[in-house]
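Colleague: Here it is, the structure, as structure tokens.
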Amino acid sequence: MGGNETRTLWISIGVAMFAIFMLYSWSETQKTELAKKYGTTKRVVVAAADIAEMETIDESKLEVIDQPQDFIQPEAVTDAEGAVGQVAAVPIKKGEQLLQTKLLLPGPDTGLSMEVSPGKRAITLPIDDMRGVSKLLRPGDRIDIVAALDYGKGGDQRREVRTVLQDVVILATGLNVMNKIPRRFELDANGKTINRINLSATTTFTTITIEAKPEEVQQVVYMLATAPGSIFTTLRHPNDRLQAPVRTTVVEDILQKPVLTRLPSADNTAQPIQGMAQPAQQIRPPTQVPATRPAAAPRAGFRDL
């Protein structure tokens with residue numbers, strides 16, 4: 001590379017650096033003028049995408065930007081973490097500032113309809129420490145519904161334990177509605193300070209709300225109407241989504257005895273149920289039938305007396 005080319009290269013680099021410096025100086029001057037005219041800038045939370053009404057807000061829906069203080073609206077949210085987990089009371093457009101007046105805390109005011117999957121229904125079950133896994137259930141957990149059912153009358157009355165529903169999602173525990181963040185925000189007694197409550201530690205609820213298909217909801221309603229205390233819940237691993245047939249349990253299974261059922265017959269003979277263990281059958285020896293002697297042929301010249 002010759003001397004002229006080297007000189008030209010350094011002149012180009014110098015001009016570029018001077019242009020960058022001038023651009024930076026101009027931007028700082030504009031920033032100072034805007035600060036004098038509209039006030040200093042302040043960080044504010046805006047919507048990174050359109051947020052629908054009654055939609056639970058998560059991190060992907062929020063963005064923090066700097067805006068002149070004069071452009072920041074009253075009650076604007078300045079901390080994104082404080083808005084996560086709340087529910088939009090009205091539709092919020094992309095780029096619009098989030099206002100506390102447009103947000104609701106998850107709970108009775110926000111409802112549950114947006115959490116129910118299309119084609120399913122929400123229904124509430126009563127629970128206690130024994131029937132509700134010591135109340136270690138949380139919104140979003142998946143459970144099985146097991147019921148102890150009685151049927152028959154008198155001496156024919158029987159009890160069976162059957163897994164009625166499998167892989168059922170919990171929408172709410174008490175008034176704690178399901179969302180991706182296991183926490184809830186409430187105002188203190190003075191109504192000024194917002195307290196964050198960790199939902200992973202609360203056990204004050206006495207009901208859970210699940211979602212199921214309409215025909216499954218009818219089965220649950222039947223059990224609630226006949227024997228509400230016979231419904232139990234079992235907790236599943238979050239990744240266990242298998243729904244396998246589960247064999248019904250009766251008292252003979254606990255005692256390890258063959259299961260017999262009586263049929264309405266005259267001799268009241270017990271018949272084994274198909275699929276159950278059957279007792280050994282007694283083999284009787286064959287009955288011997290006495291042989292009969294063939295009749296003798298009549299002789300000529302004689303007659304029978």
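Simple scheme: letters A, B, ... for chains in structure tokens order, numbers from 1 for residues in each chain, numbers from 1 for ligands in the order shown.
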As a ChimeraX atom specification, please: the residues near A:Val45 (cut-off 7 Å, only C-alpha atoms, same-chain neighbours under 2 positions excluded).
Modeller: /A:47,62-65,77-80,97-98
Colleague: Put those residues in a file: C-alpha atoms, as a PDB file, in the first residue's frame.
Modeller:
ATOM      1  CA  ALA A  47     -47.360  -3.297  26.568  1.00  0.00           C
ATOM      2  CA  LEU A  62     -44.328  -6.181  29.005  1.00  0.00           C
ATOM      3  CA  GLU A  63     -41.538  -3.811  28.009  1.00  0.00           C
ATOM      4  CA  VAL A  64     -39.730  -1.093  29.988  1.00  0.00           C
ATOM      5  CA  ILE A  65     -38.803   2.132  28.146  1.00  0.00           C
ATOM      6  CA  VAL A  77     -46.616   1.159  36.347  1.00  0.00           C
ATOM      7  CA  THR A  78     -42.868   1.661  36.680  1.00  0.00           C
ATOM      8  CA  ASP A  79     -41.942  -1.857  37.874  1.00  0.00           C
ATOM      9  CA  ALA A  80     -42.619  -4.724  35.452  1.00  0.00           C
ATOM     10  CA  GLN A  97     -48.600   2.483  29.178  1.00  0.00           C
ATOM     11  CA  LEU A  98     -49.797   0.105  31.870  1.00  0.00           C
TER      12      LEU A  98
END
Colleague: Which residues of stretch 214-262 of chain A have any atom within 9 Å of an atom in stretch 123-138 of chain A when counting only C-alpha atoms, and what is the closest pair of atoms for each, with the distance in Å to one decimal? Order the rows by chain and rising number and write it as JSON lines.
Modeller:
{"residue": "A:Val217", "atom": "CA", "partner": "A:Ile123", "partner_atom": "CA", "distance": 7.1}
{"residue": "A:Val220", "atom": "CA", "partner": "A:Ile123", "partner_atom": "CA", "distance": 8.4}
{"residue": "A:Val221", "atom": "CA", "partner": "A:Ile123", "partner_atom": "CA", "distance": 8.7}
{"residue": "A:Leu224", "atom": "CA", "partner": "A:Leu125", "partner_atom": "CA", "distance": 8.1}
{"residue": "A:Pro228", "atom": "CA", "partner": "A:Pro126", "partner_atom": "CA", "distance": 7.8}
{"residue": "A:Gly229", "atom": "CA", "partner": "A:Pro126", "partner_atom": "CA", "distance": 8.4}
{"residue": "A:Ser230", "atom": "CA", "partner": "A:Arg131", "partner_atom": "CA", "distance": 8.7}
{"residue": "A:Ile231", "atom": "CA", "partner": "A:Arg131", "partner_atom": "CA", "distance": 7.1}
{"residue": "A:Phe232", "atom": "CA", "partner": "A:Arg131", "partner_atom": "CA", "distance": 4.6}
{"residue": "A:Thr233", "atom": "CA", "partner": "A:Gly132", "partner_atom": "CA", "distance": 5.6}
{"residue": "A:Thr234", "atom": "CA", "partner": "A:Val133", "partner_atom": "CA", "distance": 6.7}
{"residue": "A:Leu235", "atom": "CA", "partner": "A:Val133", "partner_atom": "CA", "distance": 7.2}
Colleague: Write the residues of the preceding selection, restricted to C-alpha atoms, as an mmCIF file, in the first residue's frame.
Modeller:
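Saved result, out_37.cif, follows:
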data_model
loop_
_atom_site.group_PDB
_atom_site.id
_atom_site.type_symbol
_atom_site.label_atom_id
_atom_site.label_comp_id
_atom_site.auth_asym_id
_atom_site.auth_seq_id
_atom_site.Cartn_x
_atom_site.Cartn_y
_atom_site.Cartn_z
ATOM 1 C CA VAL A 217 -68.980 -33.132 35.192
ATOM 2 C CA VAL A 220 -68.995 -35.604 39.575
ATOM 3 C CA VAL A 221 -72.354 -33.929 40.264
ATOM 4 C CA LEU A 224 -71.592 -34.871 45.090
ATOM 5 C CA PRO A 228 -69.855 -35.997 48.731
ATOM 6 C CA GLY A 229 -67.619 -37.432 51.454
ATOM 7 C CA SER A 230 -66.611 -40.379 49.287
ATOM 8 C CA ILE A 231 -64.541 -38.336 46.789
ATOM 9 C CA PHE A 232 -60.753 -38.360 47.152
ATOM 10 C CA THR A 233 -57.947 -36.727 45.151
ATOM 11 C CA THR A 234 -54.533 -38.151 44.300
ATOM 12 C CA LEU A 235 -51.707 -35.936 43.064
#
Colleague: Let's see if you can do this: from backbone DSSP, list all strand (DSSP E) residues in stretch 81-145 of chain A, as a PyMOL selection string.
Modeller: chain A and resi 87-88+103-104+121-126+142-145
Colleague: Considering only C-alpha atoms, return as a PyMOL selection string whatever protein or nucleic-acid residues lie within 10 Å of A:Val90, sequence-local ones (same chain, fewer than 3 positions apart) excluded.
Modeller: chain A and resi 51-55+87+93+101-104
Colleague: Generate a file of the selected residues that holds N, CA and C atoms, formatted as a short mmCIF file (atom, residue, chain, number, x, y, z; two decimals), in the first residue's frame.
Modeller:
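The new file selection.cif reads:
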data_model
loop_
_atom_site.label_atom_id
_atom_site.label_comp_id
_atom_site.auth_asym_id
_atom_site.auth_seq_id
_atom_site.Cartn_x
_atom_site.Cartn_y
_atom_site.Cartn_z
N ILE A 51 -52.85 -6.88 24.70
CA ILE A 51 -53.30 -7.66 25.84
C ILE A 51 -54.83 -7.62 25.84
N ALA A 52 -55.43 -8.81 25.82
CA ALA A 52 -56.89 -8.89 25.78
C ALA A 52 -57.48 -8.65 27.16
N GLU A 53 -58.76 -8.33 27.18
CA GLU A 53 -59.46 -8.13 28.44
C GLU A 53 -59.50 -9.44 29.23
N MET A 54 -59.26 -9.36 30.54
CA MET A 54 -59.26 -10.48 31.47
C MET A 54 -58.14 -11.48 31.16
N GLU A 55 -57.09 -11.02 30.49
CA GLU A 55 -55.94 -11.89 30.23
C GLU A 55 -54.89 -11.69 31.32
N VAL A 87 -54.25 -9.12 36.10
CA VAL A 87 -55.18 -9.36 34.99
C VAL A 87 -55.61 -8.01 34.41
N LYS A 93 -53.51 -1.90 24.27
CA LYS A 93 -52.85 -1.96 22.97
C LYS A 93 -51.33 -1.96 23.11
N THR A 101 -54.98 1.50 37.26
CA THR A 101 -56.44 1.52 37.15
C THR A 101 -56.96 0.54 36.10
N LYS A 102 -56.07 0.01 35.26
CA LYS A 102 -56.48 -0.95 34.23
C LYS A 102 -56.10 -2.38 34.59
N LEU A 103 -55.59 -2.60 35.79
CA LEU A 103 -55.16 -3.92 36.22
C LEU A 103 -55.99 -4.39 37.41
N LEU A 104 -56.21 -5.69 37.47
CA LEU A 104 -56.93 -6.30 38.57
C LEU A 104 -56.08 -7.41 39.18
#
Colleague: In Å, with one decimal, what is the gap from atom CA of A:Lys257 to atom CA of A:Gly152?
Modeller: 20.5 Å
Colleague: Would you mind listing what lies within 9 Å of A:Ala122 as a PyMOL selection string, with only C-alpha atoms counted and same-chain residues fewer than 5 positions away left out?
Modeller: chain A and resi 112-113+116+171+209-213+217
Colleague: In Å to one decimal, how far is atom CA of A:Val169 from atom CA of A:Gly140?
Modeller: 6.0 Å
Colleague: I need the helix (DSSP H, G or I) residues of stretch 116-262 of chain A per DSSP on the backbone, written as a PyMOL selection string.
Modeller: chain A and resi 133-135+154-156+199-201+214-226+228-230+251-255
Colleague: Could you jot down the atom CA of A:Pro91 to atom CA of A:Asn176 separation for me, Å, one decimal place?
Modeller: 22.8 Å
Colleague: Might you pull out every residue within 12 Å of A:Thr249, with only C-alpha atoms counted and same-chain residues fewer than 3 positions away left off, and present them as number ranges by chain?
Modeller: A: 146-149, 158-163, 246, 252-256, 259, 276
Colleague: Got time to write the residues from that selection, N, CA and C atoms, as a PDB file, in the first residue's frame?
Modeller:
ATOM      1  N   VAL A 146     -60.765 -40.203  42.756  1.00  0.00           N
ATOM      2  CA  VAL A 146     -61.087 -41.559  43.185  1.00  0.00           C
ATOM      3  C   VAL A 146     -62.299 -41.492  44.099  1.00  0.00           C
ATOM      4  N   ALA A 147     -63.251 -42.419  43.914  1.00  0.00           N
ATOM      5  CA  ALA A 147     -64.493 -42.392  44.690  1.00  0.00           C
ATOM      6  C   ALA A 147     -64.796 -43.772  45.246  1.00  0.00           C
ATOM      7  N   ALA A 148     -65.345 -43.829  46.465  1.00  0.00           N
ATOM      8  CA  ALA A 148     -65.849 -45.056  47.077  1.00  0.00           C
ATOM      9  C   ALA A 148     -67.358 -45.067  46.900  1.00  0.00           C
ATOM     10  N   LEU A 149     -67.859 -45.984  46.095  1.00  0.00           N
ATOM     11  CA  LEU A 149     -69.259 -46.003  45.688  1.00  0.00           C
ATOM     12  C   LEU A 149     -69.972 -47.193  46.296  1.00  0.00           C
ATOM     13  N   ARG A 158     -72.972 -53.527  48.220  1.00  0.00           N
ATOM     14  CA  ARG A 158     -71.527 -53.660  48.068  1.00  0.00           C
ATOM     15  C   ARG A 158     -70.897 -52.275  47.930  1.00  0.00           C
ATOM     16  N   ARG A 159     -69.609 -52.215  48.190  1.00  0.00           N
ATOM     17  CA  ARG A 159     -68.843 -50.971  48.043  1.00  0.00           C
ATOM     18  C   ARG A 159     -67.654 -51.233  47.128  1.00  0.00           C
ATOM     19  N   GLU A 160     -67.452 -50.332  46.179  1.00  0.00           N
ATOM     20  CA  GLU A 160     -66.323 -50.395  45.262  1.00  0.00           C
ATOM     21  C   GLU A 160     -65.586 -49.066  45.275  1.00  0.00           C
ATOM     22  N   VAL A 161     -64.271 -49.141  45.128  1.00  0.00           N
ATOM     23  CA  VAL A 161     -63.433 -47.947  44.995  1.00  0.00           C
ATOM     24  C   VAL A 161     -62.964 -47.891  43.547  1.00  0.00           C
ATOM     25  N   ARG A 162     -63.282 -46.790  42.887  1.00  0.00           N
ATOM     26  CA  ARG A 162     -63.032 -46.679  41.453  1.00  0.00           C
ATOM     27  C   ARG A 162     -62.369 -45.329  41.140  1.00  0.00           C
ATOM     28  N   THR A 163     -61.395 -45.340  40.242  1.00  0.00           N
ATOM     29  CA  THR A 163     -60.809 -44.105  39.718  1.00  0.00           C
ATOM     30  C   THR A 163     -61.740 -43.566  38.643  1.00  0.00           C
ATOM     31  N   VAL A 246     -57.727 -48.486  35.338  1.00  0.00           N
ATOM     32  CA  VAL A 246     -57.425 -48.909  36.704  1.00  0.00           C
ATOM     33  C   VAL A 246     -58.530 -49.850  37.164  1.00  0.00           C
ATOM     34  N   GLU A 252     -62.925 -57.884  48.878  1.00  0.00           N
ATOM     35  CA  GLU A 252     -62.255 -59.172  48.667  1.00  0.00           C
ATOM     36  C   GLU A 252     -60.817 -58.987  48.186  1.00  0.00           C
ATOM     37  N   ASP A 253     -60.542 -57.866  47.476  1.00  0.00           N
ATOM     38  CA  ASP A 253     -59.171 -57.610  47.060  1.00  0.00           C
ATOM     39  C   ASP A 253     -58.276 -57.316  48.264  1.00  0.00           C
ATOM     40  N   ILE A 254     -58.793 -56.632  49.266  1.00  0.00           N
ATOM     41  CA  ILE A 254     -58.012 -56.348  50.470  1.00  0.00           C
ATOM     42  C   ILE A 254     -57.771 -57.627  51.264  1.00  0.00           C
ATOM     43  N   LEU A 255     -58.803 -58.469  51.354  1.00  0.00           N
ATOM     44  CA  LEU A 255     -58.689 -59.725  52.111  1.00  0.00           C
ATOM     45  C   LEU A 255     -58.068 -60.841  51.292  1.00  0.00           C
ATOM     46  N   GLN A 256     -57.804 -60.579  50.006  1.00  0.00           N
ATOM     47  CA  GLN A 256     -57.215 -61.578  49.109  1.00  0.00           C
ATOM     48  C   GLN A 256     -58.068 -62.850  49.071  1.00  0.00           C
ATOM     49  N   VAL A 259     -63.777 -63.282  44.641  1.00  0.00           N
ATOM     50  CA  VAL A 259     -64.936 -62.408  44.613  1.00  0.00           C
ATOM     51  C   VAL A 259     -66.107 -63.171  44.028  1.00  0.00           C
ATOM     52  N   MET A 276     -62.041 -62.304  38.047  1.00  0.00           N
ATOM     53  CA  MET A 276     -61.636 -62.472  39.425  1.00  0.00           C
ATOM     54  C   MET A 276     -61.102 -63.888  39.639  1.00  0.00           C
TER      55      MET A 276
END
